[in-house]
file start_11.txt (compact mmCIF, C-alpha atoms)
# COMPACT_ATOMS: atom_id res chain seq x y z
CA MET A 1 0.00 0.00 0.00
CA ALA A 2 1.34 3.38 -0.99
CA GLY A 3 1.61 5.97 1.75
CA LEU A 4 -0.36 9.15 2.10
CA LEU A 5 0.96 12.34 0.50
CA LEU A 6 -0.40 15.24 2.53
CA VAL A 7 -0.11 18.76 1.18
CA VAL A 8 -0.77 21.55 3.67
CA SER A 9 -1.01 25.15 2.51
CA GLY A 10 -2.31 28.34 4.00
CA PRO A 11 -1.44 31.99 4.42
CA SER A 12 1.36 33.18 6.66
CA GLY A 13 0.03 33.32 10.19
CA ALA A 14 -2.30 30.35 9.72
CA GLY A 15 -0.25 28.46 12.27
CA LYS A 16 0.79 25.70 9.87
CA SER A 17 4.10 24.97 11.60
CA THR A 18 2.53 24.74 15.05
CA VAL A 19 -0.36 22.54 13.89
CA LEU A 20 1.91 20.27 11.84
CA LYS A 21 4.40 19.91 14.66
CA ALA A 22 1.63 18.91 17.07
CA VAL A 23 0.09 16.40 14.64
CA MET A 24 3.50 14.89 13.89
CA GLU A 25 4.24 14.52 17.59
CA LYS A 26 0.83 12.97 18.17
CA ARG A 27 1.11 10.46 15.33
CA GLY A 28 4.83 9.82 15.45
CA ASP A 29 4.83 8.14 12.01
CA MET A 30 4.98 11.04 9.61
CA PHE A 31 7.82 12.24 7.44
CA PHE A 32 8.08 15.99 7.03
CA SER A 33 9.58 16.91 3.70
CA VAL A 34 12.42 19.41 4.04
CA SER A 35 12.51 21.84 1.14
CA ALA A 36 15.57 23.03 -0.72
CA THR A 37 16.03 26.79 -0.99
CA THR A 38 18.37 29.35 -2.44
CA ARG A 39 17.58 31.70 0.47
CA PRO A 40 20.50 32.19 2.86
CA PRO A 41 20.02 30.62 6.31
CA ARG A 42 18.64 32.88 9.06
CA PRO A 43 20.39 32.93 12.42
CA GLY A 44 19.83 29.58 14.14
CA GLU A 45 18.82 27.69 11.00
CA THR A 46 20.70 24.49 10.18
CA ASP A 47 21.19 22.93 6.76
CA GLY A 48 18.91 19.88 6.40
CA CYS A 49 16.74 20.92 9.31
CA GLU A 50 14.57 23.91 8.32
CA TYR A 51 15.78 23.76 4.71
CA TYR A 52 18.50 22.38 2.51
CA PHE A 53 20.41 25.54 1.73
CA ILE A 54 21.74 25.33 -1.81
CA SER A 55 23.09 27.73 -4.40
CA PRO A 56 20.97 29.05 -7.29
CA ALA A 57 23.14 26.99 -9.66
CA GLU A 58 22.52 23.79 -7.69
CA PHE A 59 18.81 24.56 -7.58
CA ALA A 60 18.65 25.12 -11.34
CA LYS A 61 20.48 21.84 -11.91
CA MET A 62 18.07 19.89 -9.68
CA GLN A 63 15.13 21.47 -11.45
CA GLU A 64 16.55 20.61 -14.87
CA GLU A 65 17.13 17.01 -13.86
CA GLY A 66 13.55 16.62 -12.60
CA LEU A 67 14.67 16.11 -9.03
CA LEU A 68 12.17 18.60 -7.61
CA LEU A 69 8.50 17.67 -7.16
CA GLU A 70 7.46 21.31 -7.11
CA THR A 71 9.18 24.66 -7.09
CA GLY A 72 8.24 28.23 -6.29
CA GLU A 73 9.73 31.65 -5.91
CA PHE A 74 9.25 34.01 -2.99
CA ALA A 75 10.96 37.36 -2.45
CA GLY A 76 13.63 36.58 -5.01
CA ASN A 77 14.52 33.18 -3.55
CA TRP A 78 13.62 29.75 -4.89
CA TYR A 79 12.11 26.91 -2.91
CA GLY A 80 11.56 23.31 -3.98
CA THR A 81 10.64 19.83 -2.70
CA PRO A 82 13.28 17.16 -3.37
CA ARG A 83 11.41 14.33 -5.06
CA ALA A 84 13.48 11.29 -4.02
CA PRO A 85 12.91 11.26 -0.23
CA VAL A 86 9.16 11.84 -0.73
CA MET A 87 8.79 8.97 -3.18
CA GLU A 88 10.92 6.64 -1.10
CA ARG A 89 8.83 7.20 2.04
CA LEU A 90 5.57 6.89 0.12
CA SER A 91 6.67 3.59 -1.41
CA ARG A 92 7.29 2.33 2.13
CA GLY A 93 3.71 3.21 3.01
CA GLU A 94 4.60 6.19 5.16
CA THR A 95 2.73 9.47 5.43
CA VAL A 96 4.64 12.39 3.92
CA VAL A 97 3.80 16.02 4.66
CA LEU A 98 4.56 18.92 2.34
CA ASP A 99 4.15 22.40 3.80
CA ILE A 100 4.05 24.38 0.55
CA GLU A 101 2.35 27.32 -1.12
CA SER A 102 -0.65 27.05 -3.40
CA ALA A 103 1.40 27.36 -6.59
CA GLY A 104 3.51 24.38 -5.48
CA ALA A 105 0.39 22.49 -4.40
CA ALA A 106 -0.99 22.89 -7.93
CA GLN A 107 2.17 21.26 -9.31
CA VAL A 108 1.90 18.38 -6.83
CA ARG A 109 -1.81 17.92 -7.61
CA GLU A 110 -0.93 17.51 -11.26
CA ARG A 111 1.97 15.12 -10.68
CA CYS A 112 0.42 13.14 -7.79
CA PRO A 113 -3.37 13.27 -8.18
CA GLU A 114 -3.77 11.00 -5.16
CA ALA A 115 -2.31 13.69 -2.89
CA VAL A 116 -4.56 14.86 -0.06
CA THR A 117 -4.70 18.66 0.08
CA VAL A 118 -5.52 20.73 3.13
CA PHE A 119 -5.87 24.50 3.41
CA LEU A 120 -5.26 25.81 6.92
CA THR A 121 -6.49 29.28 7.68
CA PRO A 122 -6.93 31.61 10.63
CA SER A 123 -10.44 32.83 11.34
CA SER A 124 -9.82 36.29 9.89
CA GLU A 125 -7.36 38.44 8.04
CA ASP A 126 -6.69 40.49 11.19
CA GLU A 127 -5.86 37.36 13.13
CA ALA A 128 -3.48 36.22 10.39
CA GLU A 129 -1.69 39.55 10.43
CA ARG A 130 -1.53 39.60 14.23
CA ARG A 131 0.08 36.15 14.28
CA LEU A 132 2.49 37.08 11.52
CA ARG A 133 3.65 40.20 13.39
CA SER A 134 3.88 38.38 16.69
CA ARG A 135 6.80 36.35 15.33
CA GLY A 136 8.81 39.56 15.58
CA THR A 137 11.54 38.17 13.34
CA GLU A 138 10.80 39.97 10.14
CA ALA A 139 11.12 43.48 8.74
CA GLU A 140 7.96 45.42 7.88
CA GLU A 141 8.75 45.11 4.19
CA VAL A 142 8.85 41.32 4.46
CA ILE A 143 5.60 41.31 6.44
CA GLN A 144 3.91 43.38 3.74
CA ARG A 145 5.18 40.98 1.12
CA ARG A 146 3.83 38.03 3.12
CA LEU A 147 0.41 39.67 3.48
CA LEU A 148 0.28 40.14 -0.27
CA ALA A 149 1.26 36.48 -0.72
CA SER A 150 -1.52 35.49 1.71
CA ARG A 151 -4.08 37.12 -0.51
CA LYS A 152 -2.78 35.03 -3.41
CA GLU A 153 -3.12 31.91 -1.26
CA TYR A 154 -6.77 32.65 -0.50
CA MET A 155 -7.46 32.94 -4.23
CA GLU A 156 -6.69 29.22 -4.46
CA ILE A 157 -8.66 28.03 -1.43
CA ASP A 158 -11.28 26.25 -3.55
CA GLN A 159 -8.63 23.98 -5.06
CA TYR A 160 -8.18 22.19 -1.73
CA GLN A 161 -10.03 19.07 -0.55
CA TYR A 162 -10.17 20.08 3.08
CA ILE A 163 -10.38 23.45 4.81
CA ILE A 164 -9.37 23.64 8.45
CA ILE A 165 -9.93 26.86 10.38
CA ASN A 166 -7.30 27.26 13.04
CA ASP A 167 -9.37 29.09 15.64
CA SER A 168 -8.32 26.65 18.31
CA LEU A 169 -5.01 24.85 18.03
CA GLU A 170 -6.45 21.80 19.74
CA GLU A 171 -9.35 21.50 17.29
CA ALA A 172 -7.18 22.16 14.26
CA VAL A 173 -4.80 19.39 15.37
CA LEU A 174 -7.71 17.01 16.01
CA THR A 175 -9.17 17.74 12.57
CA LEU A 176 -5.92 17.34 10.66
CA ASP A 177 -5.25 14.11 12.51
CA ALA A 178 -8.78 12.97 11.63
CA VAL A 179 -8.20 13.79 7.96
CA ILE A 180 -5.12 11.56 7.96
CA LEU A 181 -6.90 8.70 9.75
CA ALA A 182 -9.97 8.97 7.53
CA GLU A 183 -7.95 9.12 4.33
CA MET A 184 -6.16 5.94 5.38
CA ALA A 185 -9.55 4.23 5.62
CA ARG A 186 -10.54 5.41 2.13
CA ALA A 187 -11.50 2.45 -0.01
CA GLU A 188 -9.40 3.48 -3.01
CA ARG A 189 -6.34 3.58 -0.78
CA ASN A 190 -6.89 -0.01 0.30
CA PRO A 191 -6.61 -2.31 -2.69
CA ARG A 192 -5.20 -4.78 -0.20
CA LEU A 193 -8.62 -4.91 1.48
CA PHE A 194 -10.41 -5.42 -1.80
CA SER A 195 -8.16 -8.28 -2.75
CA ARG A 196 -8.64 -9.77 0.69
CA TYR A 197 -12.38 -9.75 0.18
CA ARG A 198 -12.09 -10.77 -3.42
CA ASN A 199 -10.40 -13.89 -2.07
CA LEU A 200 -13.18 -14.37 0.44
CA ARG A 201 -15.68 -14.14 -2.41
CA GLN A 202 -13.90 -16.92 -4.24
CA ILE A 203 -13.88 -19.09 -1.14
CA TRP A 204 -17.57 -18.53 -0.67
CA MET B 1 -24.77 24.19 5.77
CA ALA B 2 -26.42 20.83 5.16
CA GLY B 3 -25.62 18.10 7.64
CA LEU B 4 -23.71 14.92 7.01
CA LEU B 5 -25.59 11.82 5.88
CA LEU B 6 -23.58 8.83 7.05
CA VAL B 7 -24.43 5.37 5.73
CA VAL B 8 -22.89 2.45 7.61
CA SER B 9 -23.15 -1.07 6.25
CA GLY B 10 -21.42 -4.33 6.94
CA PRO B 11 -22.12 -8.01 7.47
CA SER B 12 -23.85 -9.34 10.56
CA GLY B 13 -21.25 -9.67 13.27
CA ALA B 14 -19.25 -6.65 12.09
CA GLY B 15 -20.09 -4.93 15.34
CA LYS B 16 -21.96 -2.06 13.70
CA SER B 17 -24.32 -1.44 16.62
CA THR B 18 -21.52 -1.38 19.19
CA VAL B 19 -19.29 0.90 17.11
CA LEU B 20 -22.14 3.26 16.24
CA LYS B 21 -23.33 3.43 19.84
CA ALA B 22 -19.82 4.32 21.01
CA VAL B 23 -19.33 6.98 18.31
CA MET B 24 -22.73 8.50 19.04
CA GLU B 25 -21.98 8.66 22.75
CA LYS B 26 -18.59 10.19 22.04
CA ARG B 27 -19.92 12.85 19.68
CA GLY B 28 -23.30 13.46 21.26
CA ASP B 29 -24.60 15.34 18.21
CA MET B 30 -25.71 12.58 15.88
CA PHE B 31 -29.19 11.47 14.95
CA PHE B 32 -29.64 7.75 14.47
CA SER B 33 -32.33 6.99 11.91
CA VAL B 34 -34.85 4.45 13.21
CA SER B 35 -36.10 2.18 10.44
CA ALA B 36 -39.66 1.08 9.88
CA THR B 37 -40.23 -2.68 9.60
CA THR B 38 -42.99 -5.19 9.04
CA ARG B 39 -41.16 -7.69 11.27
CA PRO B 40 -42.91 -8.32 14.60
CA PRO B 41 -41.09 -6.95 17.65
CA ARG B 42 -38.75 -9.34 19.52
CA PRO B 43 -39.05 -9.59 23.28
CA GLY B 44 -37.83 -6.34 24.82
CA GLU B 45 -38.09 -4.27 21.65
CA THR B 46 -40.11 -1.05 21.82
CA ASP B 47 -41.90 0.69 18.95
CA GLY B 48 -39.92 3.80 17.91
CA CYS B 49 -36.79 2.63 19.67
CA GLU B 50 -35.22 -0.29 17.75
CA TYR B 51 -37.74 0.06 14.92
CA TYR B 52 -41.08 1.52 14.03
CA PHE B 53 -43.18 -1.63 13.88
CA ILE B 54 -45.79 -1.22 11.18
CA SER B 55 -48.08 -3.49 9.17
CA PRO B 56 -47.27 -4.64 5.62
CA ALA B 57 -50.17 -2.48 4.40
CA GLU B 58 -48.79 0.61 6.15
CA PHE B 59 -45.33 -0.12 4.76
CA ALA B 60 -46.66 -0.47 1.20
CA LYS B 61 -48.53 2.82 1.57
CA MET B 62 -45.41 4.67 2.80
CA GLN B 63 -43.42 3.23 -0.07
CA GLU B 64 -46.04 4.26 -2.60
CA GLU B 65 -46.14 7.79 -1.24
CA GLY B 66 -42.36 8.14 -1.48
CA LEU B 67 -42.00 8.45 2.29
CA LEU B 68 -39.15 5.93 2.48
CA LEU B 69 -35.59 6.85 1.51
CA GLU B 70 -34.66 3.22 0.93
CA THR B 71 -36.28 -0.15 1.43
CA GLY B 72 -35.15 -3.74 1.61
CA GLU B 73 -36.42 -7.22 2.36
CA PHE B 74 -34.87 -9.74 4.73
CA ALA B 75 -36.29 -13.13 5.70
CA GLY B 76 -39.73 -12.21 4.42
CA ASN B 77 -39.92 -8.90 6.30
CA TRP B 78 -39.58 -5.41 4.91
CA TYR B 79 -37.37 -2.65 6.30
CA GLY B 80 -37.23 1.01 5.29
CA THR B 81 -35.85 4.41 6.30
CA PRO B 82 -38.49 7.11 6.86
CA ARG B 83 -37.40 10.03 4.74
CA ALA B 84 -38.86 12.99 6.67
CA PRO B 85 -36.86 12.83 9.93
CA VAL B 86 -33.63 12.30 7.98
CA MET B 87 -34.19 15.31 5.73
CA GLU B 88 -35.31 17.49 8.61
CA ARG B 89 -32.17 16.78 10.65
CA LEU B 90 -29.91 17.23 7.63
CA SER B 91 -31.49 20.59 6.85
CA ARG B 92 -30.68 21.65 10.41
CA GLY B 93 -27.02 20.77 9.76
CA GLU B 94 -27.05 17.66 11.94
CA THR B 95 -25.26 14.39 11.26
CA VAL B 96 -27.63 11.54 10.45
CA VAL B 97 -26.63 7.88 10.61
CA LEU B 98 -28.27 5.12 8.61
CA ASP B 99 -27.37 1.56 9.60
CA ILE B 100 -28.57 -0.23 6.48
CA GLU B 101 -27.71 -3.07 4.12
CA SER B 102 -25.82 -2.65 0.87
CA ALA B 103 -28.96 -2.82 -1.27
CA GLY B 104 -30.44 0.08 0.71
CA ALA B 105 -27.12 1.94 0.60
CA ALA B 106 -27.25 1.75 -3.20
CA GLN B 107 -30.67 3.44 -3.15
CA VAL B 108 -29.41 6.18 -0.81
CA ARG B 109 -26.31 6.71 -2.95
CA GLU B 110 -28.53 7.32 -5.96
CA ARG B 111 -30.93 9.64 -4.15
CA CYS B 112 -28.37 11.46 -1.99
CA PRO B 113 -25.03 11.40 -3.85
CA GLU B 114 -23.44 13.51 -1.10
CA ALA B 115 -23.93 10.68 1.42
CA VAL B 116 -20.77 9.37 3.07
CA THR B 117 -20.62 5.58 2.94
CA VAL B 118 -18.70 3.34 5.30
CA PHE B 119 -18.33 -0.43 5.22
CA LEU B 120 -17.54 -1.93 8.60
CA THR B 121 -16.15 -5.44 8.62
CA PRO B 122 -14.64 -7.90 11.05
CA SER B 123 -11.16 -9.12 10.25
CA SER B 124 -12.33 -12.52 8.99
CA GLU B 125 -15.37 -14.59 8.14
CA ASP B 126 -14.77 -16.82 11.19
CA GLU B 127 -14.74 -13.81 13.46
CA ALA B 128 -17.99 -12.54 11.94
CA GLU B 129 -19.66 -15.90 12.49
CA ARG B 130 -18.33 -16.15 16.04
CA ARG B 131 -19.75 -12.73 16.91
CA LEU B 132 -23.06 -13.53 15.26
CA ARG B 133 -23.42 -16.75 17.27
CA SER B 134 -22.34 -15.12 20.51
CA ARG B 135 -25.54 -13.07 20.53
CA GLY B 136 -27.32 -16.31 21.37
CA THR B 137 -30.68 -14.85 20.43
CA GLU B 138 -31.27 -16.45 17.10
CA ALA B 139 -32.15 -19.89 15.72
CA GLU B 140 -29.59 -21.74 13.59
CA GLU B 141 -31.76 -21.24 10.53
CA VAL B 142 -31.70 -17.47 11.03
CA ILE B 143 -27.94 -17.53 11.58
CA GLN B 144 -27.45 -19.42 8.32
CA ARG B 145 -29.61 -16.88 6.54
CA ARG B 146 -27.58 -14.05 8.03
CA LEU B 147 -24.31 -15.68 6.93
CA LEU B 148 -25.63 -15.93 3.40
CA ALA B 149 -26.68 -12.27 3.56
CA SER B 150 -23.17 -11.35 4.77
CA ARG B 151 -21.69 -12.84 1.65
CA LYS B 152 -23.98 -10.62 -0.41
CA GLU B 153 -22.81 -7.62 1.61
CA TYR B 154 -19.15 -8.36 0.84
CA MET B 155 -19.96 -8.43 -2.87
CA GLU B 156 -20.72 -4.70 -2.58
CA ILE B 157 -17.71 -3.66 -0.51
CA ASP B 158 -16.11 -1.76 -3.39
CA GLN B 159 -19.11 0.56 -3.61
CA TYR B 160 -18.19 2.18 -0.29
CA GLN B 161 -16.00 5.24 0.24
CA TYR B 162 -14.44 4.04 3.48
CA ILE B 163 -13.62 0.58 4.79
CA ILE B 164 -13.13 0.19 8.52
CA ILE B 165 -11.90 -3.13 9.90
CA ASN B 166 -13.29 -3.70 13.35
CA ASP B 167 -10.39 -5.67 14.83
CA SER B 168 -10.28 -3.39 17.83
CA LEU B 169 -13.42 -1.60 18.96
CA GLU B 170 -11.37 1.37 20.13
CA GLU B 171 -9.66 1.81 16.77
CA ALA B 172 -12.86 1.32 14.80
CA VAL B 173 -14.57 4.00 16.90
CA LEU B 174 -11.61 6.37 16.49
CA THR B 175 -11.62 5.84 12.72
CA LEU B 176 -15.35 6.32 12.24
CA ASP B 177 -15.21 9.44 14.40
CA ALA B 178 -12.28 10.65 12.28
CA VAL B 179 -14.26 10.04 9.08
CA ILE B 180 -17.08 12.24 10.41
CA LEU B 181 -14.71 14.99 11.53
CA ALA B 182 -12.75 14.89 8.27
CA GLU B 183 -15.88 14.90 6.10
CA MET B 184 -17.07 17.99 7.95
CA ALA B 185 -13.83 19.72 6.95
CA ARG B 186 -14.31 18.74 3.27
CA ALA B 187 -14.24 21.82 1.10
CA GLU B 188 -17.36 20.91 -0.88
CA ARG B 189 -19.29 20.67 2.36
CA ASN B 190 -18.31 24.20 3.34
CA PRO B 191 -19.71 26.67 0.82
CA ARG B 192 -20.01 28.97 3.83
CA LEU B 193 -16.22 29.05 4.01
CA PHE B 194 -15.85 29.77 0.34
CA SER B 195 -18.27 32.65 0.52
CA ARG B 196 -16.47 33.95 3.60
CA TYR B 197 -13.24 33.99 1.67
CA ARG B 198 -14.86 35.23 -1.47
CA ASN B 199 -15.86 38.26 0.60
CA LEU B 200 -12.32 38.61 1.85
CA ARG B 201 -11.13 38.57 -1.73
CA GLN B 202 -13.42 41.44 -2.58
CA ILE B 203 -12.22 43.40 0.43
CA TRP B 204 -8.64 42.86 -0.63

call {"tool": "encode", "arguments": {"input": "start_11.txt", "output": "structure tokens"}}
result
Amino acid sequence: MAGLLLVVSGPSGAGKSTVLKAVMEKRGDMFFSVSATTRPPRPGETDGCEYYFISPAEFAKMQEEGLLLETGEFAGNWYGTPRAPVMERLSRGETVVLDIESAGAAQVRERCPEAVTVFLTPSSEDEAERRLRSRGTEAEEVIQRRLLASRKEYMEIDQYQYIIINDSLEEAVLTLDAVILAEMARAERNPRLFSRYRNLRQIW
Amino acid sequence: MAGLLLVVSGPSGAGKSTVLKAVMEKRGDMFFSVSATTRPPRPGETDGCEYYFISPAEFAKMQEEGLLLETGEFAGNWYGTPRAPVMERLSRGETVVLDIESAGAAQVRERCPEAVTVFLTPSSEDEAERRLRSRGTEAEEVIQRRLLASRKEYMEIDQYQYIIINDSLEEAVLTLDAVILAEMARAERNPRLFSRYRNLRQIW
């Protein structure tokens, strides 16, 4: 049985990182895909942890060779999902999470139609902005750029299969966990079950 | 927002009643549809509780007048789901559960394509038979008839959206609860959300 490919998008300030971290801790069996980026590391960031920090030339080469499942540009830097680790985990039946923007999600949807897509959103624009500012790590110019990007994200909300409103962290975590559990029980994801019962039918 | 119509089927001995009872207690916001039947009440059964016990003539009249969402025959008796209470609860946004056989599920699927369908099954035929016999309330002839009916149920397993194996009651309850929670977060079930964000788009 192939694993579950879970794509989570949402505007800055939706609380994606917090929700995903909590769900991953709760489940303990998920692989979080680390993106490659041409953006320089921020203080405290480690290569291979938050991102794989690579040069624009390396990025272009990976893209050319088809080694990236999706790519996107933000504020002059490129981001991309290395394909190999995702496919390897999926083939082992594991759940793989991609925390990517809507433009990247569209690429994944096209290449992996079986992907499960979730849009996480705060309850209001004000709340999103408040959360974004509360990080306190970014310049006003960057914040403005992120708010503009958020608006672009909302334009794509109806492309997602699930919408989770992160009003309460606890409920958002419960719902995302439920989406994973429910998707694993989806009939089309369980050919193994069908064949089991096809055998039973023959016995009968 | 319209409520969730949940159809649960599965062979005798799948543990449907136990799982459904547990999920309903856990959630506390679900309406269990009580079927009408022409079968005479068993000792301890109360009209309106396990079933609405009606005469064959009354049943035929309801069917003729389109008051039944689905109907089916078992062991010479007729069973059917009264349409009105189901539709009323759904229009109030409530979750409605139908515990019906695969033939009835097919009728519901046709009439209410938005219904969520779940097939609950024990891990093996032996286990199903063991559970069926452990009730100790039915004659061998009835048990044999139920086993034959189970085989018919399995023939339809691939018509269901979700398959839940009831190996462990706790896990089956968790999974069914997750299916309900996840389905409520489904984008197509949340036009309210879309319109909310459509408004946001206009504001932006």

call {"tool": "residues_near_point", "arguments": {"input": "start_11.txt", "point": "(-25.1, 24.8, 7.8)", "cutoff": "7 Å", "atoms": "only C-alpha atoms", "output": "ChimeraX atom specification"}}
result
/B:1-3,92-93

call {"tool": "closest_atom_pairs", "arguments": {"input": "start_11.txt", "of": "chain A", "to": "chain B", "cutoff": "6 Å", "atoms": "all atoms listed in the file", "output": "JSON lines"}}
result
{"residue": "A:Gln161", "atom": "CA", "partner": "B:Ala187", "partner_atom": "CA", "distance": 5.3}
{"residue": "A:Tyr162", "atom": "CA", "partner": "B:Arg186", "partner_atom": "CA", "distance": 4.4}
{"residue": "A:Ile163", "atom": "CA", "partner": "B:Ala185", "partner_atom": "CA", "distance": 5.5}
{"residue": "A:Ala178", "atom": "CA", "partner": "B:Ala178", "partner_atom": "CA", "distance": 4.2}
{"residue": "A:Val179", "atom": "CA", "partner": "B:Ala182", "partner_atom": "CA", "distance": 4.7}
{"residue": "A:Ala182", "atom": "CA", "partner": "B:Val179", "partner_atom": "CA", "distance": 4.7}
{"residue": "A:Ala185", "atom": "CA", "partner": "B:Tyr162", "partner_atom": "CA", "distance": 5.3}
{"residue": "A:Arg186", "atom": "CA", "partner": "B:Tyr162", "partner_atom": "CA", "distance": 4.3}
{"residue": "A:Ala187", "atom": "CA", "partner": "B:Tyr162", "partner_atom": "CA", "distance": 4.8}

call {"tool": "residues_around", "arguments": {"input": "start_11.txt", "residues": "A:Ala172", "least_positions_apart": "6", "cutoff": "10 Å", "atoms": "all atoms listed in the file", "output": "list in words"}}
result
Gly15, Lys16, Val19, Leu20, Ala22, Val23, Leu120, Thr121, Ile164, Ile165, Asn166 and Ala178 of chain A

call {"tool": "write_last_selection", "arguments": {"input": "start_11.txt", "atoms": "C-alpha atoms", "output": "mmCIF file, keeping the file's coordinate frame"}}
result
data_model
loop_
_atom_site.group_PDB
_atom_site.id
_atom_site.type_symbol
_atom_site.label_atom_id
_atom_site.label_comp_id
_atom_site.auth_asym_id
_atom_site.auth_seq_id
_atom_site.Cartn_x
_atom_site.Cartn_y
_atom_site.Cartn_z
ATOM 1 C CA GLY A 15 -0.250 28.460 12.270
ATOM 2 C CA LYS A 16 0.790 25.700 9.870
ATOM 3 C CA VAL A 19 -0.360 22.540 13.890
ATOM 4 C CA LEU A 20 1.910 20.270 11.840
ATOM 5 C CA ALA A 22 1.630 18.910 17.070
ATOM 6 C CA VAL A 23 0.090 16.400 14.640
ATOM 7 C CA LEU A 120 -5.260 25.810 6.920
ATOM 8 C CA THR A 121 -6.490 29.280 7.680
ATOM 9 C CA ILE A 164 -9.370 23.640 8.450
ATOM 10 C CA ILE A 165 -9.930 26.860 10.380
ATOM 11 C CA ASN A 166 -7.300 27.260 13.040
ATOM 12 C CA ALA A 178 -8.780 12.970 11.630
#

call {"tool": "atom_distance", "arguments": {"input": "start_11.txt", "atom1": "atom CA of A:Leu4", "atom2": "atom CA of A:Val116"}}
result
7.4 Å

call {"tool": "residues_around", "arguments": {"input": "start_11.txt", "residues": "stretch 50-58 of chain A", "least_positions_apart": "6", "cutoff": "12 Å", "atoms": "all atoms listed in the file", "output": "list in words"}}
result
Ser17, Phe32, Ser33, Val34, Ser35, Ala36, Thr37, Thr38, Arg39, Pro40, Pro41, Arg42, Pro43, Gly44, Glu64, Glu65, Leu67, Leu68, Glu73, Gly76, Asn77, Trp78, Tyr79, Gly80, Thr81, Pro82 and Asp99 of chain A

call {"tool": "atom_distance", "arguments": {"input": "start_11.txt", "atom1": "atom CA of B:Arg89", "atom2": "atom CA of B:Phe31"}}
result
7.5 Å

call {"tool": "atom_distance", "arguments": {"input": "start_11.txt", "atom1": "atom CA of B:Met30", "atom2": "atom CA of B:Val173"}}
result
14.1 Å

call {"tool": "residues_near_point", "arguments": {"input": "start_11.txt", "point": "(1.8, 18.9, -3.5)", "cutoff": "6 Å", "atoms": "all atoms listed in the file", "output": "ChimeraX atom specification"}}
result
/A:7,105,108-109

call {"tool": "write_last_selection", "arguments": {"input": "start_11.txt", "atoms": "C-alpha atoms", "output": "CSV table (one decimal), keeping the file's coordinate frame"}}
result
chain,number,residue,atom,x,y,z
A,7,VAL,CA,-0.1,18.8,1.2
A,105,ALA,CA,0.4,22.5,-4.4
A,108,VAL,CA,1.9,18.4,-6.8
A,109,ARG,CA,-1.8,17.9,-7.6

call {"tool": "build_atoms", "arguments": {"input": "start_11.txt", "residues": "stretch 78-89 of chain A", "atoms": "N, CA and C atoms", "output": "compact mmCIF listing (two decimals), keeping the file's coordinate frame"}}
result
# COMPACT_ATOMS: atom_id res chain seq x y z
N TRP A 78 14.33 30.93 -4.40
CA TRP A 78 13.62 29.75 -4.89
C TRP A 78 13.50 28.70 -3.81
N TYR A 79 12.38 28.00 -3.85
CA TYR A 79 12.11 26.91 -2.91
C TYR A 79 11.67 25.70 -3.71
N GLY A 80 11.99 24.50 -3.25
CA GLY A 80 11.56 23.31 -3.98
C GLY A 80 11.56 22.07 -3.09
N THR A 81 10.74 21.08 -3.47
CA THR A 81 10.64 19.83 -2.70
C THR A 81 11.45 18.74 -3.39
N PRO A 82 12.52 18.27 -2.77
CA PRO A 82 13.28 17.16 -3.37
C PRO A 82 12.38 15.94 -3.53
N ARG A 83 12.34 15.40 -4.73
CA ARG A 83 11.41 14.33 -5.06
C ARG A 83 11.77 12.98 -4.40
N ALA A 84 13.06 12.65 -4.41
CA ALA A 84 13.48 11.29 -4.02
C ALA A 84 13.03 10.88 -2.60
N PRO A 85 13.31 11.69 -1.58
CA PRO A 85 12.91 11.26 -0.23
C PRO A 85 11.39 11.09 -0.08
N VAL A 86 10.63 11.94 -0.80
CA VAL A 86 9.16 11.84 -0.73
C VAL A 86 8.72 10.50 -1.31
N MET A 87 9.21 10.19 -2.50
CA MET A 87 8.79 8.97 -3.18
C MET A 87 9.21 7.71 -2.42
N GLU A 88 10.41 7.80 -1.85
CA GLU A 88 10.92 6.64 -1.10
C GLU A 88 10.02 6.35 0.11
N ARG A 89 9.69 7.39 0.86
CA ARG A 89 8.83 7.20 2.04
C ARG A 89 7.45 6.72 1.64
